[in-house]
file my_file03.cif (mmCIF, N, CA and C atoms)
data_run
#
loop_
_atom_site.label_atom_id
_atom_site.label_comp_id
_atom_site.auth_asym_id
_atom_site.auth_seq_id
_atom_site.Cartn_x
_atom_site.Cartn_y
_atom_site.Cartn_z
N MET A 120 -8.55 25.04 -46.59
CA MET A 120 -9.40 24.48 -45.57
C MET A 120 -8.74 23.29 -44.89
N LYS A 121 -8.09 22.42 -45.69
CA LYS A 121 -7.41 21.27 -45.12
C LYS A 121 -6.26 21.72 -44.22
N ARG A 122 -5.61 22.79 -44.64
CA ARG A 122 -4.48 23.30 -43.87
C ARG A 122 -4.94 23.80 -42.50
N ARG A 123 -6.05 24.47 -42.45
CA ARG A 123 -6.60 25.00 -41.19
C ARG A 123 -6.98 23.83 -40.26
N GLY A 124 -7.56 22.78 -40.82
CA GLY A 124 -7.92 21.60 -40.03
C GLY A 124 -6.68 20.92 -39.46
N PHE A 125 -5.63 20.86 -40.28
CA PHE A 125 -4.37 20.26 -39.82
C PHE A 125 -3.77 21.07 -38.67
N LEU A 126 -3.76 22.39 -38.80
CA LEU A 126 -3.23 23.25 -37.74
C LEU A 126 -4.05 23.12 -36.46
N LEU A 127 -5.36 23.03 -36.60
CA LEU A 127 -6.22 22.84 -35.44
C LEU A 127 -5.91 21.52 -34.76
N LEU A 128 -5.67 20.49 -35.54
CA LEU A 128 -5.31 19.18 -35.01
C LEU A 128 -3.99 19.25 -34.25
N LEU A 129 -3.03 20.00 -34.78
CA LEU A 129 -1.74 20.15 -34.10
C LEU A 129 -1.88 20.84 -32.74
N VAL A 130 -2.84 21.72 -32.64
CA VAL A 130 -3.08 22.41 -31.37
C VAL A 130 -3.84 21.51 -30.40
N LEU A 131 -4.79 20.75 -30.90
CA LEU A 131 -5.63 19.93 -30.03
C LEU A 131 -4.93 18.69 -29.49
N ILE A 132 -4.04 18.08 -30.25
CA ILE A 132 -3.38 16.86 -29.80
C ILE A 132 -2.62 17.06 -28.49
N PRO A 133 -1.76 18.08 -28.35
CA PRO A 133 -1.09 18.25 -27.06
C PRO A 133 -2.07 18.52 -25.91
N LEU A 134 -3.14 19.23 -26.18
CA LEU A 134 -4.13 19.49 -25.13
C LEU A 134 -4.81 18.20 -24.69
N LEU A 135 -5.14 17.34 -25.63
CA LEU A 135 -5.76 16.06 -25.29
C LEU A 135 -4.79 15.17 -24.53
N LEU A 136 -3.55 15.15 -24.94
CA LEU A 136 -2.55 14.35 -24.23
C LEU A 136 -2.35 14.86 -22.81
N ALA A 137 -2.35 16.15 -22.63
CA ALA A 137 -2.20 16.72 -21.29
C ALA A 137 -3.40 16.38 -20.42
N ALA A 138 -4.57 16.34 -20.99
CA ALA A 138 -5.77 15.99 -20.25
C ALA A 138 -5.75 14.53 -19.82
N CYS A 139 -5.08 13.67 -20.57
CA CYS A 139 -5.00 12.26 -20.23
C CYS A 139 -3.96 11.99 -19.14
N ASP A 140 -3.06 12.92 -18.90
CA ASP A 140 -2.04 12.76 -17.87
C ASP A 140 -2.71 12.66 -16.51
N ASP A 141 -2.28 11.66 -15.71
CA ASP A 141 -2.90 11.49 -14.40
C ASP A 141 -2.47 12.55 -13.40
N GLY A 142 -1.43 13.31 -13.73
CA GLY A 142 -1.02 14.42 -12.90
C GLY A 142 -0.45 14.03 -11.56
N GLU A 143 0.01 12.79 -11.42
CA GLU A 143 0.57 12.36 -10.14
C GLU A 143 1.94 12.97 -9.92
N THR A 144 2.15 13.43 -8.71
CA THR A 144 3.45 13.94 -8.29
C THR A 144 4.10 12.83 -7.47
N THR A 145 5.35 12.50 -7.80
CA THR A 145 5.95 11.32 -7.17
C THR A 145 7.42 11.53 -6.80
N LEU A 146 7.85 10.71 -5.85
CA LEU A 146 9.27 10.50 -5.57
C LEU A 146 9.59 9.12 -6.09
N VAL A 147 10.69 8.99 -6.81
CA VAL A 147 11.10 7.69 -7.35
C VAL A 147 12.45 7.35 -6.75
N PHE A 148 12.54 6.17 -6.14
CA PHE A 148 13.79 5.67 -5.58
C PHE A 148 14.23 4.48 -6.42
N ASP A 149 15.48 4.51 -6.92
CA ASP A 149 16.02 3.48 -7.79
C ASP A 149 17.24 2.88 -7.09
N ASN A 150 17.09 1.68 -6.53
CA ASN A 150 18.17 1.05 -5.75
C ASN A 150 19.15 0.34 -6.67
N GLN A 151 20.23 1.04 -7.04
CA GLN A 151 21.26 0.49 -7.89
C GLN A 151 22.49 0.09 -7.09
N THR A 152 22.32 -0.08 -5.79
CA THR A 152 23.45 -0.43 -4.93
C THR A 152 23.70 -1.93 -4.93
N GLU A 153 24.74 -2.32 -4.25
CA GLU A 153 25.01 -3.72 -3.92
C GLU A 153 25.02 -3.83 -2.40
N CYS A 154 24.12 -3.12 -1.77
CA CYS A 154 24.07 -3.01 -0.32
C CYS A 154 22.89 -3.75 0.29
N GLY A 155 22.25 -4.59 -0.47
CA GLY A 155 21.05 -5.27 0.03
C GLY A 155 19.85 -4.34 -0.07
N SER A 156 18.81 -4.71 0.63
CA SER A 156 17.58 -3.92 0.60
C SER A 156 17.79 -2.58 1.29
N ALA A 157 17.05 -1.59 0.82
CA ALA A 157 17.08 -0.26 1.42
C ALA A 157 15.76 -0.06 2.17
N SER A 158 15.85 0.43 3.40
CA SER A 158 14.67 0.83 4.15
C SER A 158 14.52 2.33 3.97
N ILE A 159 13.35 2.75 3.50
CA ILE A 159 13.13 4.15 3.18
C ILE A 159 11.97 4.68 4.00
N GLU A 160 12.21 5.80 4.67
CA GLU A 160 11.17 6.46 5.44
C GLU A 160 10.91 7.82 4.80
N VAL A 161 9.64 8.10 4.47
CA VAL A 161 9.26 9.37 3.85
C VAL A 161 8.26 10.05 4.78
N THR A 162 8.57 11.30 5.17
CA THR A 162 7.72 12.04 6.10
C THR A 162 7.19 13.30 5.44
N ASN A 163 5.87 13.46 5.46
CA ASN A 163 5.22 14.68 5.00
C ASN A 163 5.35 15.68 6.15
N THR A 164 6.11 16.75 5.94
CA THR A 164 6.39 17.69 7.03
C THR A 164 5.19 18.53 7.42
N GLU A 165 4.22 18.69 6.53
CA GLU A 165 3.02 19.46 6.86
C GLU A 165 2.05 18.64 7.70
N ALA A 166 1.80 17.41 7.26
CA ALA A 166 0.83 16.55 7.95
C ALA A 166 1.46 15.75 9.08
N GLY A 167 2.79 15.58 9.02
CA GLY A 167 3.48 14.78 10.02
C GLY A 167 3.34 13.28 9.79
N SER A 168 2.75 12.89 8.67
CA SER A 168 2.56 11.47 8.39
C SER A 168 3.87 10.83 7.91
N VAL A 169 4.08 9.59 8.33
CA VAL A 169 5.31 8.87 8.00
C VAL A 169 4.94 7.58 7.27
N GLU A 170 5.61 7.32 6.16
CA GLU A 170 5.43 6.09 5.40
C GLU A 170 6.77 5.37 5.33
N ASN A 171 6.76 4.04 5.54
CA ASN A 171 7.97 3.23 5.49
C ASN A 171 7.89 2.23 4.35
N TYR A 172 9.00 2.07 3.64
CA TYR A 172 9.07 1.18 2.49
C TYR A 172 10.36 0.37 2.55
N THR A 173 10.36 -0.79 1.89
CA THR A 173 11.56 -1.60 1.71
C THR A 173 11.77 -1.77 0.22
N LEU A 174 12.99 -1.52 -0.24
CA LEU A 174 13.30 -1.56 -1.66
C LEU A 174 14.49 -2.49 -1.90
N ALA A 175 14.26 -3.58 -2.63
CA ALA A 175 15.32 -4.54 -2.93
C ALA A 175 16.31 -3.98 -3.95
N GLU A 176 17.50 -4.57 -3.99
CA GLU A 176 18.51 -4.18 -4.99
C GLU A 176 17.92 -4.33 -6.39
N GLY A 177 18.24 -3.37 -7.27
CA GLY A 177 17.80 -3.44 -8.65
C GLY A 177 16.34 -3.07 -8.88
N GLU A 178 15.64 -2.70 -7.84
CA GLU A 178 14.22 -2.37 -7.96
C GLU A 178 14.00 -0.86 -7.87
N LYS A 179 12.82 -0.42 -8.35
CA LYS A 179 12.41 0.98 -8.25
C LYS A 179 11.16 1.06 -7.40
N LEU A 180 11.02 2.17 -6.70
CA LEU A 180 9.85 2.43 -5.87
C LEU A 180 9.33 3.81 -6.24
N THR A 181 8.03 3.91 -6.48
CA THR A 181 7.40 5.19 -6.77
C THR A 181 6.43 5.51 -5.64
N VAL A 182 6.63 6.67 -5.02
CA VAL A 182 5.80 7.10 -3.90
C VAL A 182 5.01 8.33 -4.33
N LYS A 183 3.68 8.26 -4.25
CA LYS A 183 2.84 9.41 -4.57
C LYS A 183 2.93 10.43 -3.45
N ILE A 184 3.12 11.70 -3.83
CA ILE A 184 3.21 12.77 -2.85
C ILE A 184 2.34 13.95 -3.30
N SER A 185 2.20 14.91 -2.43
CA SER A 185 1.47 16.14 -2.78
C SER A 185 2.46 17.16 -3.32
N PRO A 186 2.08 17.89 -4.36
CA PRO A 186 2.99 18.91 -4.89
C PRO A 186 3.14 20.07 -3.90
N ALA A 187 4.29 20.71 -3.94
CA ALA A 187 4.59 21.91 -3.16
C ALA A 187 4.56 21.66 -1.65
N VAL A 188 4.82 20.42 -1.24
CA VAL A 188 4.92 20.07 0.18
C VAL A 188 6.33 19.54 0.40
N THR A 189 6.96 19.93 1.50
CA THR A 189 8.30 19.45 1.80
C THR A 189 8.21 18.08 2.48
N TYR A 190 9.03 17.16 2.00
CA TYR A 190 9.11 15.81 2.56
C TYR A 190 10.53 15.57 3.05
N ARG A 191 10.64 14.85 4.17
CA ARG A 191 11.93 14.37 4.65
C ARG A 191 12.04 12.90 4.25
N TYR A 192 13.24 12.50 3.87
CA TYR A 192 13.46 11.09 3.57
C TYR A 192 14.70 10.61 4.31
N ALA A 193 14.68 9.34 4.70
CA ALA A 193 15.82 8.71 5.37
C ALA A 193 15.97 7.31 4.76
N ILE A 194 17.19 6.99 4.37
CA ILE A 194 17.46 5.71 3.71
C ILE A 194 18.54 4.98 4.50
N GLN A 195 18.24 3.76 4.90
CA GLN A 195 19.19 2.88 5.60
C GLN A 195 19.35 1.63 4.74
N TYR A 196 20.54 1.03 4.79
CA TYR A 196 20.79 -0.17 3.99
C TYR A 196 20.98 -1.37 4.90
N GLU A 197 20.50 -2.50 4.41
CA GLU A 197 20.67 -3.78 5.10
C GLU A 197 22.16 -4.13 5.17
N GLY A 198 22.87 -3.87 4.09
CA GLY A 198 24.31 -4.15 4.03
C GLY A 198 24.60 -5.58 3.63
N ARG A 199 25.84 -5.79 3.20
CA ARG A 199 26.31 -7.11 2.82
C ARG A 199 27.69 -7.30 3.42
N PRO A 200 27.81 -8.21 4.36
CA PRO A 200 29.13 -8.40 4.98
C PRO A 200 30.20 -8.91 4.01
N ASP A 201 29.79 -9.58 2.92
CA ASP A 201 30.76 -10.13 1.97
C ASP A 201 31.21 -9.12 0.92
N ALA A 202 30.57 -7.98 0.85
CA ALA A 202 30.90 -7.00 -0.19
C ALA A 202 31.89 -5.97 0.34
N ARG A 203 32.78 -5.52 -0.53
CA ARG A 203 33.74 -4.47 -0.17
C ARG A 203 33.20 -3.13 -0.62
N ILE A 204 31.99 -2.85 -0.22
CA ILE A 204 31.33 -1.62 -0.63
C ILE A 204 30.83 -0.91 0.61
N ARG A 205 31.02 0.39 0.63
CA ARG A 205 30.54 1.20 1.75
C ARG A 205 29.08 1.56 1.51
N CYS A 206 28.25 1.23 2.48
CA CYS A 206 26.82 1.50 2.37
C CYS A 206 26.45 2.52 3.45
N GLU A 207 26.35 3.76 3.08
CA GLU A 207 26.09 4.83 4.03
C GLU A 207 24.64 5.25 3.99
N ALA A 208 24.09 5.48 5.18
CA ALA A 208 22.72 5.98 5.27
C ALA A 208 22.66 7.37 4.64
N LYS A 209 21.49 7.70 4.12
CA LYS A 209 21.30 9.02 3.50
C LYS A 209 20.00 9.62 4.02
N SER A 210 19.98 10.94 4.11
CA SER A 210 18.74 11.61 4.50
C SER A 210 18.76 13.02 3.92
N GLY A 211 17.58 13.62 3.87
CA GLY A 211 17.48 14.97 3.34
C GLY A 211 16.04 15.40 3.23
N THR A 212 15.83 16.50 2.54
CA THR A 212 14.49 17.01 2.29
C THR A 212 14.32 17.25 0.80
N VAL A 213 13.08 17.18 0.37
CA VAL A 213 12.77 17.40 -1.04
C VAL A 213 11.37 18.00 -1.14
N MET A 214 11.19 18.84 -2.16
CA MET A 214 9.88 19.40 -2.45
C MET A 214 9.74 19.42 -3.97
N VAL A 215 8.68 18.82 -4.47
CA VAL A 215 8.41 18.82 -5.90
C VAL A 215 7.34 19.89 -6.12
N PRO A 216 7.70 20.98 -6.79
CA PRO A 216 6.81 22.14 -6.82
C PRO A 216 5.54 21.99 -7.66
N ASN A 217 5.59 21.23 -8.73
CA ASN A 217 4.45 21.21 -9.66
C ASN A 217 3.79 19.85 -9.76
N ARG A 218 2.48 19.87 -9.86
CA ARG A 218 1.71 18.65 -10.05
C ARG A 218 2.16 17.96 -11.33
N GLY A 219 2.28 16.63 -11.26
CA GLY A 219 2.66 15.85 -12.43
C GLY A 219 4.16 15.68 -12.60
N GLN A 220 4.96 16.29 -11.74
CA GLN A 220 6.42 16.14 -11.82
C GLN A 220 6.87 15.05 -10.84
N ASP A 221 8.11 14.63 -11.02
CA ASP A 221 8.69 13.69 -10.06
C ASP A 221 10.12 14.09 -9.73
N SER A 222 10.61 13.52 -8.67
CA SER A 222 12.00 13.69 -8.28
C SER A 222 12.56 12.28 -8.10
N THR A 223 13.66 11.98 -8.80
CA THR A 223 14.22 10.63 -8.78
C THR A 223 15.52 10.60 -7.98
N PHE A 224 15.62 9.60 -7.10
CA PHE A 224 16.82 9.37 -6.31
C PHE A 224 17.44 8.07 -6.78
N ARG A 225 18.61 8.18 -7.40
CA ARG A 225 19.35 6.99 -7.85
C ARG A 225 20.29 6.60 -6.72
N LEU A 226 20.02 5.49 -6.08
CA LEU A 226 20.82 5.04 -4.95
C LEU A 226 21.98 4.21 -5.47
N VAL A 227 23.21 4.65 -5.16
CA VAL A 227 24.40 3.95 -5.64
C VAL A 227 25.34 3.70 -4.47
N ALA A 228 26.21 2.71 -4.63
CA ALA A 228 27.22 2.39 -3.61
C ALA A 228 28.58 2.83 -4.11
N VAL A 229 29.50 2.98 -3.18
CA VAL A 229 30.85 3.41 -3.52
C VAL A 229 31.84 2.36 -3.06
N THR A 230 32.76 1.97 -3.96
CA THR A 230 33.83 1.05 -3.58
C THR A 230 34.90 1.84 -2.86
N PRO A 231 35.22 1.46 -1.62
CA PRO A 231 36.22 2.25 -0.87
C PRO A 231 37.60 2.19 -1.51
N THR A 232 38.30 3.27 -1.44
CA THR A 232 39.67 3.32 -1.93
C THR A 232 40.62 2.91 -0.80
N PRO A 233 41.51 1.94 -1.05
CA PRO A 233 42.42 1.53 0.02
C PRO A 233 43.33 2.67 0.42
N PRO A 234 43.66 2.79 1.71
CA PRO A 234 44.56 3.86 2.15
C PRO A 234 45.95 3.71 1.54
N ALA A 235 46.57 4.83 1.23
CA ALA A 235 47.93 4.82 0.66
C ALA A 235 48.91 4.39 1.73
N GLY A 236 49.90 3.66 1.33
CA GLY A 236 50.96 3.36 2.28
C GLY A 236 51.22 1.98 2.40
#

call {"tool": "encode", "arguments": {"input": "my_file03.cif", "output": "structure tokens"}}
result
Amino acid sequence: MKRRGFLLLLVLIPLLLAACDDGETTLVFDNQTECGSASIEVTNTEAGSVENYTLAEGEKLTVKISPAVTYRYAIQYEGRPDARIRCEAKSGTVMVPNRGQDSTFRLVAVTPTPPAG
């Protein structure tokens, strides 16, 4: 009898934990660059709505989105004139298919390689 109760508990715990999940679908931007603040534009391609965000170096931004909707994103950097790092704008599309999932964008900078010669 105790064994049956234990097995039932093993089945119920994951179900209860899943029920507690808020089910938010998100895009996560992690600014690991040395390019200053990043300006991020996220566009819902179905609704046409545009959201703009600013993300400082070393910070993370979580944007709630709808699952199974395609979003366009565009990232521009403030830049640092004193740094020898190339800060290139980035853009693309993303779709997170399932509720409760996220897609993470780790923003990094590249140190330019000096030309040979």

call {"tool": "axis_aligned_box", "arguments": {"input": "my_file03.cif", "around": "range 139-157 of chain A", "padding_each_side": "4 Å", "output": "JSON"}}
result
{"center_x": 10.0, "center_y": 4.6, "center_z": -9.2, "size_x": 38.1, "size_y": 27.7, "size_z": 30.7}

call {"tool": "residues_around", "arguments": {"input": "my_file03.cif", "residues": "range 175-188 of chain A", "least_positions_apart": "4", "cutoff": "9 Å", "atoms": "only C-alpha atoms", "output": "list in words"}}
result
Glu143, Thr144, Thr145, Leu146, Val147, Phe148, Asp149, Asn150, Gln151, Thr152, Glu153, Cys154, Gly155, Ser156, Ala157, Ser158, Val161, Asn163, Thr164, Glu165, Val213, Met214, Val215, Pro216, Asn217, Arg218, Gly219, Gln220 and Thr223 of chain A

call {"tool": "residues_around", "arguments": {"input": "my_file03.cif", "residues": "Glu160 in chain A", "least_positions_apart": "6", "cutoff": "6.5 Å", "atoms": "all atoms listed in the file", "output": "number ranges by chain"}}
result
A: 169-172, 191-195

call {"tool": "atom_distance", "arguments": {"input": "my_file03.cif", "atom1": "atom C of Val227 in chain A", "atom2": "CA of Arg199 in chain A"}}
result
13.1 Å

call {"tool": "atom_distance", "arguments": {"input": "my_file03.cif", "atom1": "CA of Thr212 in chain A", "atom2": "CA of Ile159 in chain A"}}
result
13.0 Å
